[in-house]
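Asker: Input file: my_file-v4.tsv. Contents: TSV, C-alpha atoms.
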chain	number	residue	atom	x	y	z
P	1	MET	CA	-108.90	62.06	85.00
P	2	LEU	CA	-111.01	64.23	82.70
P	3	VAL	CA	-109.18	67.09	80.96
P	4	SER	CA	-111.12	70.08	79.62
P	5	VAL	CA	-109.49	72.02	76.78
P	6	VAL	CA	-110.76	75.56	76.17
P	7	VAL	CA	-110.51	77.00	72.65
P	8	ALA	CA	-111.76	80.55	72.05
P	9	THR	CA	-112.31	81.47	68.39
P	10	ARG	CA	-113.67	84.16	66.11
P	11	ASN	CA	-113.79	84.13	62.29
P	12	ARG	CA	-110.87	81.72	61.74
P	13	PRO	CA	-112.54	78.45	60.71
P	14	GLU	CA	-109.61	76.95	58.79
P	15	LEU	CA	-107.15	77.60	61.61
P	16	LEU	CA	-109.69	76.26	64.10
P	17	ARG	CA	-110.07	73.08	62.04
P	18	ALA	CA	-106.33	72.34	62.26
P	19	THR	CA	-106.31	73.03	66.01
P	20	LEU	CA	-109.27	70.74	66.75
P	21	LEU	CA	-108.11	67.88	64.53
P	22	ALA	CA	-104.76	67.96	66.32
P	23	LEU	CA	-106.52	67.81	69.70
P	24	LYS	CA	-108.46	64.78	68.49
P	25	THR	CA	-105.18	62.82	68.13
P	26	GLN	CA	-104.35	63.02	71.86
P	27	THR	CA	-103.94	59.50	73.23
P	28	HIS	CA	-105.54	60.49	76.52
P	29	GLN	CA	-109.18	59.72	75.78
P	30	ALA	CA	-110.82	61.31	78.84
P	31	LEU	CA	-111.02	64.64	77.10
P	32	GLU	CA	-113.60	67.34	76.42
P	33	VAL	CA	-113.00	70.34	74.18
P	34	ILE	CA	-115.07	73.48	74.75
P	35	VAL	CA	-115.00	75.74	71.68
P	36	LEU	CA	-116.34	79.22	72.46
P	37	ASP	CA	-117.26	81.14	69.30
P	38	ASP	CA	-117.20	84.87	70.10
P	39	GLY	CA	-119.68	86.41	67.66
P	40	SER	CA	-118.27	85.06	64.40
P	41	SER	CA	-119.92	85.95	61.10
P	42	SER	CA	-122.78	83.86	59.73
P	43	ASP	CA	-120.45	82.58	56.97
P	44	THR	CA	-117.98	81.29	59.57
P	45	ARG	CA	-120.67	79.70	61.70
P	46	ALA	CA	-122.14	77.97	58.67
P	47	GLN	CA	-118.85	76.07	58.27
P	48	TYR	CA	-119.00	74.50	61.72
P	49	ALA	CA	-121.43	71.76	60.68
P	50	SER	CA	-118.94	70.30	58.20
P	51	LEU	CA	-116.07	70.66	60.67
P	52	TRP	CA	-117.93	68.82	63.43
P	53	ARG	CA	-118.52	65.84	61.13
P	54	ASP	CA	-114.79	65.14	61.48
P	55	LEU	CA	-114.92	65.35	65.29
P	56	ASP	CA	-116.69	63.32	67.98
P	57	GLU	CA	-118.95	63.77	70.98
P	58	ARG	CA	-116.09	65.11	73.11
P	59	PHE	CA	-116.08	68.38	71.13
P	60	HIS	CA	-118.66	70.96	72.18
P	61	LEU	CA	-119.47	74.25	70.45
P	62	VAL	CA	-120.77	77.22	72.41
P	63	GLN	CA	-121.84	80.17	70.23
P	64	GLN	CA	-121.76	83.44	72.11
P	65	GLY	CA	-123.81	86.37	70.81
P	66	GLN	CA	-125.46	87.04	67.48
P	67	ASP	CA	-123.77	86.41	64.14
P	68	GLY	CA	-121.17	89.08	63.43
P	69	GLN	CA	-121.69	91.10	66.59
P	70	ARG	CA	-118.81	92.86	68.32
P	71	GLY	CA	-116.79	90.23	70.16
P	72	GLN	CA	-116.45	90.28	73.93
P	73	GLY	CA	-112.74	89.45	73.63
P	74	PRO	CA	-110.54	86.51	74.64
P	75	SER	CA	-110.63	87.10	78.41
P	76	ALA	CA	-114.42	87.06	78.75
P	77	SER	CA	-114.75	84.34	76.09
P	78	ARG	CA	-112.42	81.99	77.92
P	79	ASN	CA	-114.14	82.69	81.25
P	80	GLN	CA	-117.45	81.86	79.60
P	81	ALA	CA	-115.99	78.61	78.27
P	82	ILE	CA	-114.54	77.70	81.67
P	83	GLN	CA	-118.08	77.73	83.08
P	84	HIS	CA	-118.91	74.86	80.70
P	85	THR	CA	-115.93	72.69	81.70
P	86	GLN	CA	-116.30	69.53	83.77
P	87	GLY	CA	-112.69	68.33	83.96
P	88	GLN	CA	-110.46	68.14	87.00
P	89	LEU	CA	-107.76	69.64	84.78
P	90	VAL	CA	-108.14	72.58	82.39
P	91	ALA	CA	-105.91	73.37	79.41
P	92	PHE	CA	-106.03	75.99	76.67
P	93	CYS	CA	-105.13	75.99	72.99
P	94	ASP	CA	-105.53	79.12	70.89
P	95	ASP	CA	-107.31	78.65	67.58
P	96	ASP	CA	-104.23	79.74	65.61
P	97	ASP	CA	-101.88	77.37	67.44
P	98	ILE	CA	-101.60	73.59	67.54
P	99	TRP	CA	-100.52	70.77	69.84
P	100	ILE	CA	-97.88	68.66	68.12
P	101	ASP	CA	-97.31	65.94	70.75
P	102	ASN	CA	-100.19	63.49	70.98
P	103	GLU	CA	-98.83	62.15	74.31
P	104	HIS	CA	-98.94	65.59	75.93
P	105	LEU	CA	-102.08	65.10	78.02
P	106	ALA	CA	-101.31	61.47	78.86
P	107	ARG	CA	-97.93	62.47	80.25
P	108	ALA	CA	-99.35	65.37	82.25
P	109	VAL	CA	-102.20	63.31	83.70
P	110	VAL	CA	-99.67	60.81	85.08
P	111	ALA	CA	-97.91	63.65	86.88
P	112	PHE	CA	-101.15	65.06	88.31
P	113	GLY	CA	-102.38	61.60	89.30
P	114	SER	CA	-99.22	60.75	91.22
P	115	HIS	CA	-98.96	64.13	92.96
P	116	PRO	CA	-102.25	65.35	94.48
P	117	GLU	CA	-100.70	68.73	95.36
P	118	LEU	CA	-99.56	69.44	91.80
P	119	ASP	CA	-101.61	72.43	90.62
P	120	LEU	CA	-99.72	73.74	87.57
P	121	TYR	CA	-97.98	71.82	84.78
P	122	ILE	CA	-95.86	73.68	82.21
P	123	SER	CA	-94.65	72.09	78.99
P	124	ASN	CA	-92.59	73.69	76.21
P	125	GLN	CA	-93.43	75.06	72.76
P	126	ARG	CA	-91.76	76.08	69.55
P	127	ALA	CA	-92.56	79.44	67.98
P	128	VAL	CA	-92.95	79.93	64.23
P	129	TYR	CA	-92.52	83.52	63.06
P	130	PRO	CA	-94.13	85.17	60.00
P	131	ASP	CA	-90.82	84.94	58.10
P	132	ALA	CA	-90.85	81.14	58.71
P	133	SER	CA	-87.97	81.26	61.20
P	134	VAL	CA	-88.40	78.96	64.18
P	135	ARG	CA	-87.54	79.26	67.86
P	136	GLU	CA	-87.34	75.69	69.11
P	137	ASP	CA	-87.30	76.35	72.87
P	138	TRP	CA	-89.66	78.95	74.33
P	139	LEU	CA	-88.05	78.97	77.79
P	140	PRO	CA	-84.38	78.13	77.17
P	141	ARG	CA	-83.18	79.54	80.51
P	142	LEU	CA	-85.58	77.28	82.36
P	143	THR	CA	-84.69	74.27	80.22
P	144	ALA	CA	-80.99	74.89	80.89
P	145	ARG	CA	-81.62	74.74	84.64
P	146	ARG	CA	-83.57	71.49	84.67
P	147	ALA	CA	-80.60	69.68	86.22
P	148	ASP	CA	-81.14	71.86	89.30
P	149	MET	CA	-84.79	70.80	89.57
P	150	PRO	CA	-85.76	67.59	91.36
P	151	ALA	CA	-87.60	65.01	89.26
P	152	LEU	CA	-91.34	65.00	89.90
P	153	ALA	CA	-92.59	62.40	87.39
P	154	GLU	CA	-91.24	60.86	84.22
P	155	GLY	CA	-89.96	63.65	81.97
P	156	CYS	CA	-90.86	66.55	84.28
P	157	HIS	CA	-89.29	68.41	87.16
P	158	ARG	CA	-90.50	70.33	90.16
P	159	VAL	CA	-90.02	74.05	89.59
P	160	THR	CA	-90.18	76.94	92.05
P	161	VAL	CA	-91.58	80.46	91.82
P	162	GLU	CA	-88.04	81.85	92.03
P	163	GLN	CA	-86.85	79.71	89.10
P	164	LEU	CA	-89.83	80.73	86.98
P	165	SER	CA	-89.29	84.42	87.76
P	166	GLN	CA	-85.71	84.11	86.47
P	167	CYS	CA	-86.51	82.26	83.23
P	168	GLY	CA	-86.79	85.38	81.04
P	169	GLY	CA	-90.39	84.87	79.94
P	170	PHE	CA	-93.64	83.20	80.85
P	171	ALA	CA	-95.55	80.13	79.74
P	172	HIS	CA	-98.20	80.79	77.09
P	173	LEU	CA	-101.63	79.24	77.53
P	174	ASN	CA	-100.84	76.46	75.02
P	175	MET	CA	-98.17	75.20	77.43
P	176	LEU	CA	-100.30	75.04	80.58
P	177	LEU	CA	-102.41	72.50	82.40
P	178	LEU	CA	-104.09	73.76	85.55
P	179	ARG	CA	-105.98	72.01	88.27
P	180	ARG	CA	-109.50	73.37	87.95
P	181	THR	CA	-109.63	74.30	91.63
P	182	LEU	CA	-106.63	76.61	91.14
P	183	LEU	CA	-108.19	78.25	88.09
P	184	LEU	CA	-111.39	78.96	90.00
P	185	GLU	CA	-109.46	80.14	93.05
P	186	VAL	CA	-107.72	82.92	91.07
P	187	GLY	CA	-111.00	83.90	89.39
P	188	GLY	CA	-110.03	82.98	85.83
P	189	PHE	CA	-108.96	85.65	83.38
P	190	TRP	CA	-108.96	89.32	84.30
P	191	GLU	CA	-111.59	90.82	82.01
P	192	GLY	CA	-110.20	94.33	82.39
P	193	VAL	CA	-107.88	93.66	79.43
P	194	ASN	CA	-107.80	91.61	76.22
P	195	TYR	CA	-104.05	91.95	75.75
P	196	GLU	CA	-101.41	90.15	77.86
P	197	GLU	CA	-104.27	88.46	79.69
P	198	ASP	CA	-102.27	85.22	79.45
P	199	ARG	CA	-99.31	86.77	81.29
P	200	ASP	CA	-101.67	88.01	83.99
P	201	LEU	CA	-103.30	84.61	84.51
P	202	PHE	CA	-99.99	82.75	84.49
P	203	TRP	CA	-98.34	84.73	87.26
P	204	ARG	CA	-101.44	84.80	89.44
P	205	CYS	CA	-101.67	81.01	89.12
P	206	VAL	CA	-97.96	80.57	89.82
P	207	ASP	CA	-98.41	82.64	92.99
P	208	ARG	CA	-101.20	80.36	94.31
P	209	ALA	CA	-100.03	76.93	93.09
P	210	ARG	CA	-98.96	74.46	95.76
P	211	VAL	CA	-96.63	72.43	93.51
P	212	MET	CA	-95.57	73.19	89.92
P	213	ALA	CA	-93.96	71.00	87.27
P	214	TYR	CA	-91.93	71.80	84.16
P	215	CYS	CA	-91.66	69.39	81.24
P	216	PRO	CA	-89.05	70.61	78.72
P	217	ARG	CA	-90.54	68.50	75.91
P	218	VAL	CA	-91.98	70.60	73.07
P	219	THR	CA	-95.71	69.88	72.98
P	220	ALA	CA	-97.18	72.90	71.15
P	221	GLN	CA	-96.49	75.06	68.13
P	222	HIS	CA	-97.16	78.75	68.59
P	223	HIS	CA	-97.68	80.90	65.50
P	224	VAL	CA	-96.40	84.39	66.25
P	225	PRO	CA	-98.86	86.98	64.84
P	226	ASP	CA	-97.79	88.96	61.81
P	227	ARG	CA	-97.61	92.61	62.88
P	228	GLY	CA	-98.45	93.62	59.32
P	229	LYS	CA	-101.87	91.96	59.53
P	230	GLN	CA	-104.88	92.49	61.77
P	231	ASN	CA	-106.14	88.91	61.96
P	232	ASN	CA	-105.23	88.65	65.63
P	233	VAL	CA	-106.75	90.59	68.55
P	234	SER	CA	-103.39	91.91	69.76
P	235	MET	CA	-102.46	93.18	66.31
P	236	THR	CA	-105.57	95.38	66.12
P	237	VAL	CA	-104.23	97.45	69.03
P	238	PRO	CA	-101.80	100.34	68.29
P	239	PRO	CA	-98.30	99.92	69.80
P	240	THR	CA	-98.73	102.70	72.37
P	241	ASP	CA	-102.00	101.16	73.56
P	242	ARG	CA	-100.31	97.77	73.82
P	243	TRP	CA	-97.58	99.24	76.02
P	244	LEU	CA	-100.16	100.99	78.19
P	245	MET	CA	-102.28	97.86	78.60
P	246	ALA	CA	-99.21	95.72	79.28
P	247	ALA	CA	-98.09	98.19	81.94
P	248	MET	CA	-101.53	97.98	83.53
P	249	VAL	CA	-101.28	94.18	83.50
P	250	CYS	CA	-97.93	94.39	85.29
P	251	ARG	CA	-99.45	96.59	87.98
P	252	HIS	CA	-102.46	94.24	88.28
P	253	ILE	CA	-100.16	91.24	88.77
P	254	ALA	CA	-98.12	93.07	91.40
P	255	MET	CA	-101.30	94.04	93.26
P	256	SER	CA	-102.75	90.51	93.09
P	257	VAL	CA	-99.85	88.28	94.20
P	258	SER	CA	-97.94	87.76	97.42
P	259	SER	CA	-94.64	86.43	96.03
P	260	PRO	CA	-91.89	89.09	96.16
P	261	TYR	CA	-90.24	87.44	93.15
P	262	ILE	CA	-93.32	87.98	90.99
P	263	VAL	CA	-93.90	91.51	92.30
P	264	LYS	CA	-90.32	92.50	91.49
P	265	LEU	CA	-90.44	90.89	88.04
P	266	SER	CA	-93.74	92.57	87.16
P	267	LEU	CA	-92.70	96.03	88.26
P	268	GLN	CA	-89.38	95.74	86.43
P	269	HIS	CA	-91.24	94.76	83.27
P	270	GLU	CA	-93.50	97.75	83.78
P	271	GLY	CA	-90.34	99.86	83.85
P	272	ASP	CA	-89.33	98.49	80.44
P	273	LEU	CA	-92.74	99.42	79.06
P	274	LEU	CA	-92.50	102.92	80.52
P	275	ARG	CA	-89.18	103.32	78.70
P	276	HIS	CA	-90.89	102.54	75.40
P	277	LEU	CA	-93.57	105.09	76.19
P	278	SER	CA	-90.99	107.70	77.19
P	279	GLU	CA	-88.98	107.27	74.00
P	280	HIS	CA	-92.14	107.32	71.90
P	281	SER	CA	-93.27	110.55	73.59
P	282	SER	CA	-89.89	112.17	73.04
P	283	GLN	CA	-89.86	111.20	69.35
P	284	ASN	CA	-93.27	112.81	68.94
P	285	GLY	CA	-92.29	116.08	70.63
P	286	ARG	CA	-94.06	115.46	73.95
P	287	HIS	CA	-90.94	116.17	75.97
P	288	PRO	CA	-92.50	116.90	79.39
P	289	THR	CA	-94.39	113.59	79.20
P	290	ALA	CA	-91.23	111.81	78.07
P	291	ARG	CA	-89.30	113.23	81.04
P	292	LEU	CA	-91.88	112.16	83.62
P	293	LEU	CA	-92.22	108.67	82.16
P	294	ALA	CA	-88.44	108.31	82.03
P	295	TRP	CA	-88.06	109.01	85.75
P	296	GLN	CA	-90.85	106.55	86.58
P	297	ALA	CA	-89.12	103.92	84.46
P	298	LEU	CA	-85.84	104.55	86.28
P	299	GLY	CA	-87.56	104.03	89.62
P	300	ALA	CA	-88.97	100.72	88.41
P	301	LYS	CA	-85.70	99.43	86.98
P	302	PHE	CA	-82.42	101.27	87.54
P	303	THR	CA	-79.61	101.23	84.99
P	304	TRP	CA	-76.84	103.80	84.63
P	305	LYS	CA	-77.54	104.18	80.92
P	306	TRP	CA	-81.18	105.06	81.56
P	307	ALA	CA	-80.20	107.35	84.45
P	308	LEU	CA	-78.04	109.35	82.03
P	309	TYR	CA	-80.95	109.50	79.61
P	310	CYS	CA	-83.16	110.91	82.39
P	311	VAL	CA	-80.53	113.53	83.24
P	312	TRP	CA	-80.27	114.47	79.56
P	313	LEU	CA	-84.04	114.91	79.31
P	314	GLN	CA	-84.04	117.01	82.47
P	315	ALA	CA	-81.17	119.17	81.22
P	316	ARG	CA	-82.89	119.71	77.89
P	317	SER	CA	-86.02	120.74	79.72
P	318	LEU	CA	-84.13	123.31	81.80
P	319	THR	CA	-82.30	124.61	78.76
P	320	SER	CA	-85.56	125.20	76.96
P	321	LEU	CA	-86.62	127.60	79.70
P	322	PHE	CA	-83.86	130.02	78.69
P	323	LEU	CA	-84.37	129.80	74.95
P	324	PRO	CA	-86.32	132.67	73.39
P	325	SER	CA	-89.83	131.69	72.38
P	326	ARG	CA	-90.72	131.93	68.70
Now that the file is in, can you turn its structure into structure tokens?

Answerer:
Amino acid sequence: MLVSVVVATRNRPELLRATLLALKTQTHQALEVIVLDDGSSSDTRAQYASLWRDLDERFHLVQQGQDGQRGQGPSASRNQAIQHTQGQLVAFCDDDDIWIDNEHLARAVVAFGSHPELDLYISNQRAVYPDASVREDWLPRLTARRADMPALAEGCHRVTVEQLSQCGGFAHLNMLLLRRTLLLEVGGFWEGVNYEEDRDLFWRCVDRARVMAYCPRVTAQHHVPDRGKQNNVSMTVPPTDRWLMAAMVCRHIAMSVSSPYIVKLSLQHEGDLLRHLSEHSSQNGRHPTARLLAWQALGAKFTWKWALYCVWLQARSLTSLFLPSR
């Protein structure tokens, strides 16, 4: 069973080198790696020749655009790379992350081969933060519930939409293997955003998958971006824009899926984002905007504490009507 691994990259040749050399160690040999370079500089592209000498014929480089041009972003880049894939299964590995389990694909392929209706396979990852602290289990709530999940294949369990919606997070791209037919069915990545596009794809795939598996084994290492640097696409976006785009992603998910569990989860998360926007508006003196956003957030996710905050904002607004203008 051929597995296609998509790696989108731009101007990070040393990180890309580590990612690709780790992929090369996978024991599953029926593998192709599609590296989509999104308009890197001429200096970066000049380094690819030496990097490819350490690889083999399974690694393919696709250079999108002219040297140094404005990048099209991760969503469009990955969709472009998907068009070059031939595998029955498709996986992703970001160029700043790394697979640390060389049996990862071999284990997953066994599960897919023994269950023709399996469409989505989720493994686990550890997260390394800029201060060098480590989170060893990305989805601890899901891992804790594995005893409630029936065994599907060796080391993995069948998981439901409801269980995933209650796990307190979502599976990053590095943790996923998708049947190619499912990926094409959902239309790939939504190119309307280049932030939280992984969340959007994950939940749309979960909604359409026939059978899903969870393997609690840590197979990938995710390097959490340093918010003090702008060497990652998401870190080039101001916080308020990130909240706005994430809220739009939540609404897109809710409008694209049929599962009530995913709809509820997405709209509740949108409520959390609206709270951030409300508090930010209030801190910057935009009190009418803060009040309107606060009530919208309350409608999305009710808590008594936030209800009191909404009442306080409303009372302050009414009080201001009777204060003499300066």

Asker: Write out as a count of residues only the residues lying within 8 Å of Gly71 of chain P, counting only C-alpha atoms and excluding same-chain residues fewer than 4 positions away.

Answerer: 4

Asker: How big is the axis-aligned box around all listed atoms of segment 274-283 of chain P once 6 Å goes on each side, and where's its centre, in Å to one decimal, as JSON?

Answerer:
{"center_x": -91.3, "center_y": 107.4, "center_z": 74.9, "size_x": 16.6, "size_y": 21.6, "size_z": 23.2}

Asker: Pick the closest to Gln163 of chain P from P:Val249, P:Val5, P:Ile262, P:Leu313: which is it, counting all atoms listed in the file?

Answerer: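 Selected residue with least distance to Gln163 of chain P: P:Ile262.
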
Asker: Distance cut-off 12 Å, centre (-108.1, 72.3, 57.3) in file coordinates, counting all atoms listed in the file: which residues qualify? Return them as a list in words.

Answerer: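 Using all atoms listed in the file, the matching residues come out as Arg12, Pro13, Glu14, Leu15, Leu16, Arg17, Ala18, Thr19, Leu20, Leu21, Ala22, Gln47, Tyr48, Ser50, Leu51, Asp54 and Asp96 of chain P.
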
Asker: Could you give me, as a count of residues only, the residues within 12 Å of Lys24 of chain P, counting only C-alpha atoms and dropping anything in the same chain fewer than 3 positions from it?

Answerer: 27

Asker: Please provide as a list in words all residues within 12 Å of Gln83 of chain P, with the sequence filter that same-chain residues fewer than 3 positions apart are discarded (counting all atoms listed in the file).

Answerer: Ser4, Val6, Ile34, Val35, Leu36, Val62, Ala76, Ser77, Arg78, Asn79, Gln80, Gln86, Gly87, Val90, Arg180, Leu183, Leu184, Gly187 and Gly188 of chain P

Asker: So which residues touch Tyr261 of chain P within 12 Å, counting all atoms listed in the file, skipping near sequence neighbours fewer than 4 positions away, as an MDAnalysis selection string?

Answerer: chainID P and resid 160:167 203 206:207 253:254 257 265:268

Asker: I'd like the contact shell of Arg242 of chain P - 12 Å cut-off, all atoms listed in the file, skipping same-chain residues fewer than 3 positions apart - returned as a PyMOL selection string.

Answerer: chain P and resi 193-197+233-239+245-249+273-274+276-277

Asker: Keeping only C-alpha atoms, write the selected residues as an mmCIF file, in the frame of the given file.

Answerer:
data_model
loop_
_atom_site.group_PDB
_atom_site.id
_atom_site.type_symbol
_atom_site.label_atom_id
_atom_site.label_comp_id
_atom_site.auth_asym_id
_atom_site.auth_seq_id
_atom_site.Cartn_x
_atom_site.Cartn_y
_atom_site.Cartn_z
ATOM 1 C CA VAL P 193 -107.880 93.660 79.430
ATOM 2 C CA ASN P 194 -107.800 91.610 76.220
ATOM 3 C CA TYR P 195 -104.050 91.950 75.750
ATOM 4 C CA GLU P 196 -101.410 90.150 77.860
ATOM 5 C CA GLU P 197 -104.270 88.460 79.690
ATOM 6 C CA VAL P 233 -106.750 90.590 68.550
ATOM 7 C CA SER P 234 -103.390 91.910 69.760
ATOM 8 C CA MET P 235 -102.460 93.180 66.310
ATOM 9 C CA THR P 236 -105.570 95.380 66.120
ATOM 10 C CA VAL P 237 -104.230 97.450 69.030
ATOM 11 C CA PRO P 238 -101.800 100.340 68.290
ATOM 12 C CA PRO P 239 -98.300 99.920 69.800
ATOM 13 C CA MET P 245 -102.280 97.860 78.600
ATOM 14 C CA ALA P 246 -99.210 95.720 79.280
ATOM 15 C CA ALA P 247 -98.090 98.190 81.940
ATOM 16 C CA MET P 248 -101.530 97.980 83.530
ATOM 17 C CA VAL P 249 -101.280 94.180 83.500
ATOM 18 C CA LEU P 273 -92.740 99.420 79.060
ATOM 19 C CA LEU P 274 -92.500 102.920 80.520
ATOM 20 C CA HIS P 276 -90.890 102.540 75.400
ATOM 21 C CA LEU P 277 -93.570 105.090 76.190
#

Asker: Determine the nearest neighbour of Val7 of chain P from the options P:Glu136, P:Ala153, P:Val159, P:Asn174, counting only C-alpha atoms.

Answerer: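 Of P:Glu136, P:Ala153, P:Val159, P:Asn174, the one nearest Val7 of chain P, counting only C-alpha atoms, is P:Asn174.
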
Asker: Can you tell me, as a ChimeraX atom specification, which residues sit within 6 Å of (-103.1, 79.6, 76.0) in the file's frame, using all atoms listed in the file?

Answerer: /P:92-94,172-174

Asker: Smallest atom-to-atom distance to Ala132 of chain P: which of P:Val263, P:Leu177, P:Val211, P:Val224, using all atoms listed in the file?

Answerer: P:Val224
